[in-house]
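First up is the structure itself, then whatever we jot down about it.
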Amino acid sequence: MFSQRRYVILLKISFAPLRLCEILTIPSFMNYHFNEIEKKWQDYWAKNQTFKAENNSTLPKYYVLDMFPYPSGAGLHVGHPLGYIASDIYARYKRHKGFNVLHPQGYDSFGLPAEQYAIQTGQHPALTTEENIKTYRRQLDQIGFSFDWSREVRTSDPSYYKWTQWIFIQLFESWYNNDTNKAESIETLTALFASEGNKNVNAVCDDHIESFSASDWNAFSSEKKQEILLKYRLTYLAETEVNWCPALGTVLANDEIVNGVSERGGHPVVRKKMTQWSMRISAYAERLLQGLDTIDWTESLKESQRNWIGKSVGAHVEFRVQSSEFRVSVFTTRPDTIFGVSFMTLAPEHDLVSKITTSEQKQKVEAYIQATAKRSERDRMSDVKKISGAFTGAYAEHPFTKEAIPIWIGDYVLAGYGTGAVMSVPCGDQRDYDFAKHFNIPIPNIFEGVDISEEAYVSKDNVIIANSDFLNGLSYKEATKKVISELEKLNQGEGKTNYRLRDAVFSRQRYWGEPFPVYYVNGMPQMIDKKHLPIRLPEVEKYLPTETGEPPLGRADVWAWDTEQCSVVSNQLIDNKTVFALELNTMPGWAGSSWYFFRYMDAHNDEAFASEESLSYWKDVDLYIGGSEHATGHLLYSRFWVKFLKDRGFVSIEEPFKKLINQGMILGTSALVYRIEGTQKFVSKNLIGDYKVQEIHVDVNFVNASDEMDIEAFKVWRSDFESAEFILEDGKYIVGREVDKMSKSKYNVVNPDSICEQYGADSLRLYEMFLGPLEQAKPWNTAGITGVNGFLKKLWKLYVGDNGLNVTDSEPTPDNLKTLHKTIKKVEEDIENFSFNTSVSTFMIAVNELTAQKCTSKAILEPFLVLLSPYAPHITEELWSQLGHDESISRASFPEFDASHLVESTKNYPISFNGKMKFTLELPMDLSAAEIEKAVMAHEKTMAHLEGRTPKKVIIVPGKIVNIVG
RNA sequence: GCUCAAGUGGUGGAAUUGGUAGACACGUUGGAUUCAAAAUCCAAUGUCGCGAGACGUGUGGGUUCGAUUCCCACCUUGAGUACCA
């Protein structure tokens with residue numbers, strides 16, 4: 001692993017470089033020249049469109065998809081292709097197994113980094129994106145993926161985002177009917193309104209919608225109607241409190257915020273009221289939850305979606321506020337504890353606060369509200385433990401006892417969840433308990449035989465309610481049922497299910513995203529007619545949003561859409577009599593990625609996002625591979641859009657991704673050198689001792705497999721190290737190691753280009769799989785690649801000898817057959833279970849065995865190539881063609897496993913035990929009678945324990961029972 | 001705090017209806033080849049012990065003829081989530 005430079009020096013000082021001689025004197029076909037082979041077959045595949053998938057076939061379909069990449073400027077490092085290699089192996093395997101495989105690739109090419117780069121350099125994001133895609137494509141091509149590039153999609157391509165805009169219009173023209181439990185055309189809603197008003201409409205919609213009759217509706221003005229409908233549409237415009245990130249100049253969705261700061265850049269985020277487009281994903285909360293049970297995803301991923309959806313079952317309860325008209329409505333999961341309520345708490349932002357606060361308490365309450373408003377989201381999160389609050393002076397009335405309950409405000413109650421108010425039961429909730437203790441509020445105990453002197457009793461299990469009138473003696477379940485029915489009688493509550501899932505904000509104040517197909521007339525949003533799509537991004541002079549949040553599209557004078565309607569809607573005509581204005585926000589990053597898997601089915605369709613035929617043929621993604629960072633973003637939004645498209649009859653599937661695998665991240669192994677503080681002396685790792693040293697990351701390419709650093713390369717690396725001195729151990733400088741994320745700043749990035757150059761793509765593919773289990777995070781270490789590289793060289797030698805091809809028509813020996821068939825069995829099992837790492841070992845063992853057996857039989861060596869070809873497609877393709885095949889090896893079918901080649905010749909030894917039970921011992925033929933005797937004797941005791949069980953077949957080897965077969 | 005996942009040699013990791021722990025690879029050591037290096041090949045390589053042998057899968061218990069595997073408690077690490085009523 002020495003650098004190229006060092007290698008050149010070695011060549012120079014050696015006057016008879018043997019390697020060159022070898023190359024000069026020996027015919028080239030004898031050695032494994034991966035560079036030539038890989039180039040040759042990559043060109044062949046491209047030219048022959050070997051992996052082009054057809055939309056109709058008598059073969060069964062199989063759709064293997066990777067999460068498409070965002071083409072960043074840095075290009076690929078060795079961590080990126082991991083998932084692509086795994087999916088490629090699976091796709092190639094499925095082709096061998098006789099499936100019509102769809103395995104496409106594309107780019108999620110709208111996004112913030114291209115825009116940031118544009119802001120800094122003034123270069124148009126489309127240009128940098130194009131450049132980056134070229135680099136990605138070159139890097140992907142050299143790894144030998146079997147993608148069908150004829151179906152490539154780019155989310156920033158107008159012919160693609162035309163359909164993203166189209167789907168947006170569909171969402172706008174739909175509402176969610178709870179009675180039919182699906183989205184319907186907005187026309188069915190207006191028909192209902194016109195015939196019976198909104199009394200009987202059971203829709204997912206905004207809160208606080210006034211009720212109206214049919215005649216009211218028919219009398220409403222057009223604007224009024226639009227305003228009402230907006231509250232029902234699946235994408236709607238609303239003034240909501242959003243996560244505003246001033247540094248990025250845009251709003252962020254909940255899943256784009258990590259620990260109170262923006263996921264990208266780590267900038268602070270504040271709450272701000274803005275008018276924004278939102279997606280009514282909450283309508284689908286229950287179906288998104290239920291659907292998880294029908295798909296084959298990892299439990300942990302399902303769990304994080306379940307947490308995100310956050311279903312909680314409980315009750316909605318209303319408390320009258322004494323001597324006023326107001327009611328405080330709360331959501332609780334513990335209605336059974338209603339007799340334990342000793343106070344109520346409202347979020348400081350709650351609407352009622354200003355209305356019910358008494359004049360004596362006004363000053364304190366206002367001071368408290370101001371103090372909490374000042375604290376950012378992050379501060380509020382960081383001192384969770386601090387208890388604070390204020391008494392409003394108002395009292396609520398208990399629905400059953402009619403006792404007065406003081407109403408407090410406190411910032412431990414969140415305005416955004418439930419109703420923003422809670423009924424506080426200190427004996428049953430720890431936060432209520434702490435609050436009560438802090439403000440000396442009574443803590444009545446309503447649990448039988450439970451000590452609450454130190455903390456609240458929060459468990460729902462093994463609890464008997466006491467001191468609770470008609471609930472006494474009941475369990476949690478019984479009491480909950482009972483109290484809900486009593487509340488319903490009083491018309492002061494009902495059973496309710498709450499979800500944590502919020503509607504998703506869909507507007508971004510950015511340039512590099514999909515424009516909305518929207519214009520406004522008198523403030524009301526209108527969809528631009530579908531025939532004018534796509535609405536293209538206009539040219540602007542500056543890509544930066546303004547500080548106040550005005551989107552960069554506002555700078556556009558001319559919109560690049562040359563239709564009649566354009567001239568009507570264009571901003572230039574804003575002074576006309578009717579005021580038209582375009583929507584200037586763009587869509588968020590997840591818009592384009594929420595449906596791209598359908599576009600691959602029919603990527604060039606101009607009439608629809610995909611034809612009905614292609615949609616009904618390919619249906620859904622059978623296998624989806626990608627990182628787990630999309631658990632609550634992309635994977636949830638995609639499922640939402642698919643369910644919506646199904647409801648409206650555009651697709652026939654309920655879930656887009658049948659099986660999903662998260663590949664683990666490949667980490668970098670950083671190398672560290674130790675500089676003695678204040679000097680230019682570097683001390684080798686094991687000699688640090690008492691020196692005070694400073695750790696410095698050094699380029700991993702200067703370090704070999706035994707952690708020895710190339711000192712010369714280090715010195716020329718950076719000018720300030722030119723005069724470096726070294727304290728060596730055994731003449732070597734040994735570096736320290738540390739595992740980090742791969743990043744430029746740690747100098748631990750390994751580029752697939754240089755790996756392909758030095759060892760070849762087949763080695764890279766095998767090694768990435770060999771590193772460890774697909775789903776696990778694991779550090780990269782280039783040193784180990786010599787192992788798989790050596791394997792490929794051995795493989796080549798097995799097929800190609802000094803005098804040409806080693807393969808003959810000779811009969812395979814039983815040993816040959818055994819090696820082949822155990823390999824078939826293992827590899828097939830491994831691929832089906834996605835344990836690609838262990839099959840690499842299996843191949844190595846097989847090649848060693850076949851080499852030792854001096855196997856030349858075509859009947860063995862030919863099917864063996866097919867087994868290996870998903871993993872190492874280039875070398876197998878080359879050998880396949882040398883064996884005389886005209887067609888690509890990818891057309892060959894997977895060899896059939898035949899168990900008879902694995903079974904040792906056996907003889908059954910029926911033995912009886914205690915004169916009653918009979919066991920059949922299957923033993924290898926070559927076992928001597930004495931050994932059998934010994935085996936049975938050694939397990940006399942064991943047998944005794946088996947007595948009384950159903951007789952079984954016992955397979956044993958000397959000294960041990962290996963298996964008990966039922 | 002809660003939820004989930006995982007702890008095995010110097011390193012990455014094998015081993016499941018409970019049955020020879022450490023496959024395979026890296027690294028290390030020794031040898032062959034070479035003027036020399038690279039490459040290649042052979043051998044050794046869990047720990048202790050000259051050896052027979054003993055010990056050994058995070059810790060402590062349990063079930064079992066038998067536990068890396070199953071159960072309980074704990075410790076550690078990683079990921080997600082966080083005042084969700």
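Ligands are numbered from 1 in the order shown, chains are lettered A, B, ... in the order of the structure tokens, and residues start at 1 in each chain.
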- Find the residues around G78 of chain B up to 10 Å (only C-alpha atoms (C1' of nucleotides) counted), leave out those fewer than 3 positions away in its own chain, and share them as a list in words.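 Contacts, in chain order: Ala777 of chain A; A5 and A6 of chain B.
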- Task: Please provide as a list in words all residues within 6 Å of segment 46-61 of chain B, with the sequence filter that same-chain residues fewer than 6 positions apart are discarded (counting only C-alpha atoms (C1' of nucleotides)).
- Result: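 So the residues in contact are G7, U8, G9 and U68 of chain B.
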Restricting it to N, CA and C atoms (P, O5', C5', C4', C3', O3' and C1' of nucleotides), dump the selection as a compact mmCIF listing (two decimals), in the first residue's frame.
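What landed in again35.txt:
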```
# COMPACT_ATOMS: atom_id res chain seq x y z
P G B 7 -22.88 -9.44 18.78
O5' G B 7 -21.66 -8.54 19.21
C5' G B 7 -20.66 -9.12 19.99
C4' G B 7 -19.85 -8.04 20.64
C3' G B 7 -18.95 -8.61 21.72
O3' G B 7 -17.71 -7.94 21.74
C1' G B 7 -20.49 -7.11 22.68
P U B 8 -16.56 -8.47 20.77
O5' U B 8 -16.65 -10.05 20.88
C5' U B 8 -16.21 -10.71 22.06
C4' U B 8 -15.87 -12.13 21.76
C3' U B 8 -14.59 -12.32 20.96
O3' U B 8 -13.46 -12.31 21.81
C1' U B 8 -16.31 -13.67 20.05
P G B 9 -12.36 -11.22 21.60
O5' G B 9 -11.54 -11.89 20.40
C5' G B 9 -10.34 -11.33 20.05
C4' G B 9 -9.20 -12.29 20.38
C3' G B 9 -7.84 -11.74 19.95
O3' G B 9 -6.87 -12.16 20.88
C1' G B 9 -8.28 -13.81 18.88
P U B 68 -20.85 -21.60 25.09
O5' U B 68 -20.81 -20.28 24.22
C5' U B 68 -20.94 -19.01 24.84
C4' U B 68 -21.39 -17.99 23.85
C3' U B 68 -22.87 -18.02 23.51
O3' U B 68 -23.63 -17.33 24.49
C1' U B 68 -21.58 -17.77 21.54
```
- Item | helix (DSSP H, G or I) call set, DSSP backbone run, segment 358-473 of chain A, as a ChimeraX atom specification | /A:362-374,377-382,430-438,469-471
- Compile the contact shell of G62 of chain B as JSON, numbers by chain: residues with an atom at most 12 Å away, counting only C-alpha atoms (C1' of nucleotides), same-chain residues fewer than 6 positions apart removed. {"B": [70, 71, 72, 73]}
- Message: Excluding Val505 of chain A and its own-chain neighbours fewer than 4 positions away, which residues fall within 8 Å of it when counting only C-alpha atoms (C1' of nucleotides)? Please give them as a PyMOL selection string.
- Response: chain A and resi 242+252-253+276-279
- Could you give me, as a ChimeraX atom specification, each residue of segment 369-572 of chain A that DSSP assigns to strand (DSSP E or B) when run on this structure's backbone? /A:390-397,404-409,421-424,447,465,493-498,504-505,508,515,518-521,524-527
Expected file: the selected residues, N, CA, C and O atoms, as a compact mmCIF listing (two decimals), in the first residue's frame:
```txt
# COMPACT_ATOMS: atom_id res chain seq x y z
N ALA A 390 -46.84 29.26 36.13
CA ALA A 390 -47.52 30.37 36.82
C ALA A 390 -49.00 30.04 36.95
O ALA A 390 -49.57 29.35 36.09
N PHE A 391 -49.60 30.52 38.00
CA PHE A 391 -51.03 30.30 38.24
C PHE A 391 -51.84 31.38 37.56
O PHE A 391 -51.52 32.56 37.66
N THR A 392 -52.91 30.98 36.82
CA THR A 392 -53.69 31.97 36.08
C THR A 392 -54.73 32.65 36.97
O THR A 392 -55.31 33.67 36.59
N GLY A 393 -55.00 32.05 38.13
CA GLY A 393 -56.05 32.60 38.99
C GLY A 393 -57.41 32.02 38.69
O GLY A 393 -58.35 32.15 39.47
N ALA A 394 -57.52 31.34 37.53
CA ALA A 394 -58.81 30.76 37.14
C ALA A 394 -58.92 29.33 37.64
O ALA A 394 -57.92 28.68 37.93
N TYR A 395 -60.19 28.86 37.74
CA TYR A 395 -60.43 27.49 38.17
C TYR A 395 -61.34 26.78 37.18
O TYR A 395 -62.25 27.37 36.61
N ALA A 396 -61.03 25.50 36.97
CA ALA A 396 -61.93 24.67 36.16
C ALA A 396 -62.80 23.86 37.11
O ALA A 396 -62.50 23.75 38.30
N GLU A 397 -63.84 23.27 36.52
CA GLU A 397 -64.77 22.49 37.34
C GLU A 397 -64.62 21.01 36.97
O GLU A 397 -64.67 20.65 35.79
N ALA A 404 -63.45 22.66 42.40
CA ALA A 404 -62.67 23.67 41.68
C ALA A 404 -61.24 23.18 41.49
O ALA A 404 -60.62 22.70 42.44
N ILE A 405 -60.74 23.29 40.28
CA ILE A 405 -59.38 22.85 39.97
C ILE A 405 -58.58 24.05 39.46
O ILE A 405 -58.96 24.67 38.47
N PRO A 406 -57.50 24.41 40.13
CA PRO A 406 -56.73 25.58 39.69
C PRO A 406 -56.11 25.36 38.30
O PRO A 406 -55.66 24.26 38.00
N ILE A 407 -56.11 26.39 37.50
CA ILE A 407 -55.53 26.30 36.16
C ILE A 407 -54.19 27.03 36.14
O ILE A 407 -54.11 28.22 36.43
N TRP A 408 -53.14 26.29 35.81
CA TRP A 408 -51.79 26.83 35.73
C TRP A 408 -51.34 26.89 34.28
O TRP A 408 -51.96 26.31 33.40
N ILE A 409 -50.25 27.62 34.05
CA ILE A 409 -49.56 27.46 32.76
C ILE A 409 -48.14 26.98 33.07
O ILE A 409 -47.58 27.28 34.13
N ALA A 421 -53.06 21.41 26.26
CA ALA A 421 -53.48 21.52 27.66
C ALA A 421 -53.56 20.12 28.24
O ALA A 421 -53.85 19.18 27.51
N VAL A 422 -53.26 20.00 29.53
CA VAL A 422 -53.38 18.68 30.15
C VAL A 422 -54.17 18.76 31.44
O VAL A 422 -54.21 19.81 32.10
N MET A 423 -54.81 17.64 31.78
CA MET A 423 -55.36 17.52 33.13
C MET A 423 -54.24 16.88 33.94
O MET A 423 -53.69 15.86 33.56
N SER A 424 -53.84 17.54 35.01
CA SER A 424 -52.65 17.08 35.72
C SER A 424 -53.02 16.14 36.86
O SER A 424 -53.80 16.50 37.74
N PHE A 447 -54.73 5.36 43.90
CA PHE A 447 -54.37 3.96 43.63
C PHE A 447 -54.37 3.18 44.94
O PHE A 447 -53.84 3.65 45.95
N ILE A 465 -58.02 1.18 41.00
CA ILE A 465 -58.40 2.56 41.26
C ILE A 465 -59.17 2.66 42.59
O ILE A 465 -60.00 1.81 42.89
N GLY A 493 -66.81 14.69 26.86
CA GLY A 493 -65.62 13.96 26.41
C GLY A 493 -65.99 12.72 25.64
O GLY A 493 -67.16 12.34 25.56
N GLU A 494 -64.96 12.13 25.02
CA GLU A 494 -65.17 10.87 24.31
C GLU A 494 -63.80 10.20 24.12
O GLU A 494 -62.77 10.84 24.31
N GLY A 495 -63.85 8.93 23.73
CA GLY A 495 -62.60 8.22 23.44
C GLY A 495 -61.92 8.85 22.23
O GLY A 495 -62.60 9.29 21.29
N LYS A 496 -60.60 8.96 22.27
CA LYS A 496 -59.93 9.60 21.15
C LYS A 496 -58.53 9.02 20.93
O LYS A 496 -57.88 8.61 21.89
N THR A 497 -58.15 8.98 19.69
CA THR A 497 -56.80 8.54 19.37
C THR A 497 -56.03 9.72 18.84
O THR A 497 -56.53 10.45 18.00
N ASN A 498 -54.85 9.91 19.37
CA ASN A 498 -54.04 11.05 18.96
C ASN A 498 -52.79 10.56 18.25
O ASN A 498 -52.28 9.49 18.57
N ALA A 504 -46.98 17.87 7.00
CA ALA A 504 -45.63 18.20 6.57
C ALA A 504 -45.61 19.51 5.79
O ALA A 504 -46.36 19.68 4.82
N VAL A 505 -44.78 20.44 6.24
CA VAL A 505 -44.64 21.71 5.53
C VAL A 505 -43.96 21.47 4.19
O VAL A 505 -42.96 20.75 4.11
N ARG A 508 -40.47 25.72 0.43
CA ARG A 508 -39.11 26.10 0.77
C ARG A 508 -38.79 27.42 0.06
O ARG A 508 -39.15 27.59 -1.10
N PRO A 515 -40.65 24.33 -9.01
CA PRO A 515 -41.61 25.43 -8.84
C PRO A 515 -43.02 24.86 -8.66
O PRO A 515 -43.32 23.79 -9.18
N VAL A 518 -48.68 27.01 -9.39
CA VAL A 518 -49.70 27.75 -8.64
C VAL A 518 -49.60 29.24 -8.94
O VAL A 518 -48.51 29.79 -9.01
N TYR A 519 -50.76 29.87 -9.14
CA TYR A 519 -50.80 31.32 -9.12
C TYR A 519 -51.95 31.76 -8.23
O TYR A 519 -52.77 30.94 -7.84
N TYR A 520 -51.96 33.04 -7.90
CA TYR A 520 -52.96 33.52 -6.95
C TYR A 520 -53.88 34.54 -7.61
O TYR A 520 -53.43 35.39 -8.37
N VAL A 521 -55.15 34.45 -7.30
CA VAL A 521 -56.10 35.47 -7.69
C VAL A 521 -56.75 35.96 -6.41
O VAL A 521 -57.35 35.17 -5.69
N MET A 524 -56.18 33.92 -3.34
CA MET A 524 -56.54 32.51 -3.30
C MET A 524 -55.73 31.72 -4.32
O MET A 524 -55.63 32.12 -5.47
N PRO A 525 -55.15 30.59 -3.90
CA PRO A 525 -54.30 29.82 -4.81
C PRO A 525 -55.10 29.13 -5.91
O PRO A 525 -56.19 28.63 -5.64
N GLN A 526 -54.57 29.15 -7.12
CA GLN A 526 -55.18 28.49 -8.27
C GLN A 526 -54.14 27.59 -8.91
O GLN A 526 -52.97 27.95 -8.98
N MET A 527 -54.58 26.43 -9.38
CA MET A 527 -53.65 25.56 -10.08
C MET A 527 -53.52 26.00 -11.53
O MET A 527 -54.53 26.30 -12.19
```
Kindly provide the residues of chain B that approach chain A to within 12 Å, each paired with its closest atom pair and their distance in Å to one decimal, based on only C-alpha atoms (C1' of nucleotides), listed by chain and increasing number, as a tab-separated table.
```
residue	atom	partner	partner_atom	distance
B:G1	C1'	A:Val384	CA	11.1
B:C2	C1'	A:Asn307	CA	10.8
B:U3	C1'	A:Glu303	CA	7.9
B:C4	C1'	A:Ser300	CA	5.5
B:A5	C1'	A:Ser300	CA	7.8
B:A6	C1'	A:Gln776	CA	9.6
B:G10	C1'	A:Ser706	CA	11.1
B:U11	C1'	A:Asn781	CA	10.0
B:G12	C1'	A:Leu771	CA	6.2
B:G13	C1'	A:Gly772	CA	6.3
B:A14	C1'	A:Thr838	CA	7.5
B:A15	C1'	A:Thr838	CA	11.0
B:U17	C1'	A:Val965	CA	9.4
B:G18	C1'	A:Asn963	CA	9.9
B:G19	C1'	A:Val962	CA	4.7
B:U20	C1'	A:Lys960	CA	7.8
B:A23	C1'	A:Ser841	CA	8.2
B:C24	C1'	A:Ser841	CA	4.7
B:A25	C1'	A:Gly787	CA	5.9
B:C26	C1'	A:Gly784	CA	4.9
B:G27	C1'	A:Ser706	CA	6.7
B:U28	C1'	A:Ser706	CA	9.2
B:U34	C1'	A:Leu18	CA	10.0
B:C35	C1'	A:Ala16	CA	10.6
B:A36	C1'	A:Ser14	CA	8.3
B:A37	C1'	A:Ser14	CA	7.7
B:A38	C1'	A:Arg19	CA	7.9
B:A39	C1'	A:Arg19	CA	7.9
B:U40	C1'	A:Gly790	CA	10.2
B:U64	C1'	A:His945	CA	10.1
B:C65	C1'	A:Thr942	CA	4.8
B:G66	C1'	A:Thr942	CA	8.9
B:G78	C1'	A:Ala777	CA	9.4
B:A79	C1'	A:Ser628	CA	9.6
B:G80	C1'	A:Ser304	CA	6.7
B:U81	C1'	A:Asn307	CA	7.7
B:A82	C1'	A:Met381	CA	8.8
B:C83	C1'	A:Tyr412	CA	5.0
B:C84	C1'	A:Tyr417	CA	6.5
B:A85	C1'	A:Thr332	CA	5.7
```
- Message: Can you pull out the residues contacting segment 202-216 of chain A? Cut-off 8 Å, using only C-alpha atoms (C1' of nucleotides), and skip same-chain residues under 6 positions away; I want them as a list in words.
- Response: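 That gives Trp175, Tyr176, Asn177, Asn178, Asp179, Phe193, Ala194, Ser195, Glu196, Lys231, Tyr232, Arg233 and Ala283 of chain A.
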Output for the residues just chosen: N, CA, C and O atoms as a short mmCIF file (atom, residue, chain, number, x, y, z; two decimals), in the first residue's frame:
```
data_model
loop_
_atom_site.label_atom_id
_atom_site.label_comp_id
_atom_site.auth_asym_id
_atom_site.auth_seq_id
_atom_site.Cartn_x
_atom_site.Cartn_y
_atom_site.Cartn_z
N TRP A 175 -59.55 15.42 -1.24
CA TRP A 175 -59.81 15.52 0.19
C TRP A 175 -59.87 14.11 0.76
O TRP A 175 -59.99 13.14 0.02
N TYR A 176 -59.78 13.99 2.07
CA TYR A 176 -59.77 12.67 2.67
C TYR A 176 -61.09 12.39 3.36
O TYR A 176 -61.47 13.08 4.32
N ASN A 177 -61.79 11.39 2.85
CA ASN A 177 -63.09 11.02 3.40
C ASN A 177 -62.91 9.91 4.43
O ASN A 177 -62.54 8.80 4.10
N ASN A 178 -63.19 10.22 5.69
CA ASN A 178 -63.02 9.22 6.76
C ASN A 178 -64.04 8.10 6.66
O ASN A 178 -63.80 7.00 7.17
N ASP A 179 -65.18 8.37 6.02
CA ASP A 179 -66.21 7.33 5.91
C ASP A 179 -65.77 6.24 4.94
O ASP A 179 -65.93 5.06 5.22
N PHE A 193 -71.44 19.28 -0.22
CA PHE A 193 -71.73 20.60 0.33
C PHE A 193 -73.00 21.18 -0.30
O PHE A 193 -73.86 21.74 0.38
N ALA A 194 -73.10 21.02 -1.61
CA ALA A 194 -74.23 21.61 -2.33
C ALA A 194 -75.54 20.92 -1.99
O ALA A 194 -76.60 21.53 -2.05
N SER A 195 -75.46 19.63 -1.62
CA SER A 195 -76.71 18.93 -1.35
C SER A 195 -77.07 18.89 0.13
O SER A 195 -78.23 18.87 0.48
N GLU A 196 -76.06 18.85 1.02
CA GLU A 196 -76.42 18.76 2.44
C GLU A 196 -75.53 19.58 3.38
O GLU A 196 -75.54 19.34 4.60
N LYS A 231 -59.45 24.20 3.43
CA LYS A 231 -59.31 23.53 4.73
C LYS A 231 -59.50 22.02 4.65
O LYS A 231 -59.32 21.31 5.63
N TYR A 232 -59.91 21.57 3.48
CA TYR A 232 -60.13 20.14 3.29
C TYR A 232 -59.10 19.50 2.34
O TYR A 232 -58.94 18.29 2.33
N ARG A 233 -58.47 20.31 1.52
CA ARG A 233 -57.60 19.75 0.48
C ARG A 233 -56.41 19.01 1.10
O ARG A 233 -55.96 19.36 2.18
N ALA A 283 -53.75 12.61 7.61
CA ALA A 283 -54.92 11.84 7.18
C ALA A 283 -54.58 10.37 7.05
O ALA A 283 -55.44 9.50 7.18
#
```
- Query: If you count only C-alpha atoms (C1' of nucleotides), which residues fall within 12 Å of segment 45-57 of chain A, apart from same-chain ones fewer than 6 positions away, as a ChimeraX atom specification?
  - Reply: /A:38-39,63-64,88,91-92,95,98-105,141-142,144-152,600-603,610-619,873-874,877,887-891
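Atom CA of Val683 of chain A lies 5.8 Å from atom CA of Phe726 of chain A.
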- Might you pull out every residue within 9 Å of Ile696 of chain A, with only C-alpha atoms (C1' of nucleotides) counted and same-chain residues fewer than 4 positions away left off, and present them as a list in words?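 Answer for this query is Ala671, Leu672, Val673, Tyr674 and Arg675 of chain A.
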- Which of these, A:Thr188, A:Thr164, A:Gln663, A:Asn789, has the shortest distance to Pro81 of chain A once you count only C-alpha atoms?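 Closest to Pro81 of chain A, using only C-alpha atoms: A:Gln663.
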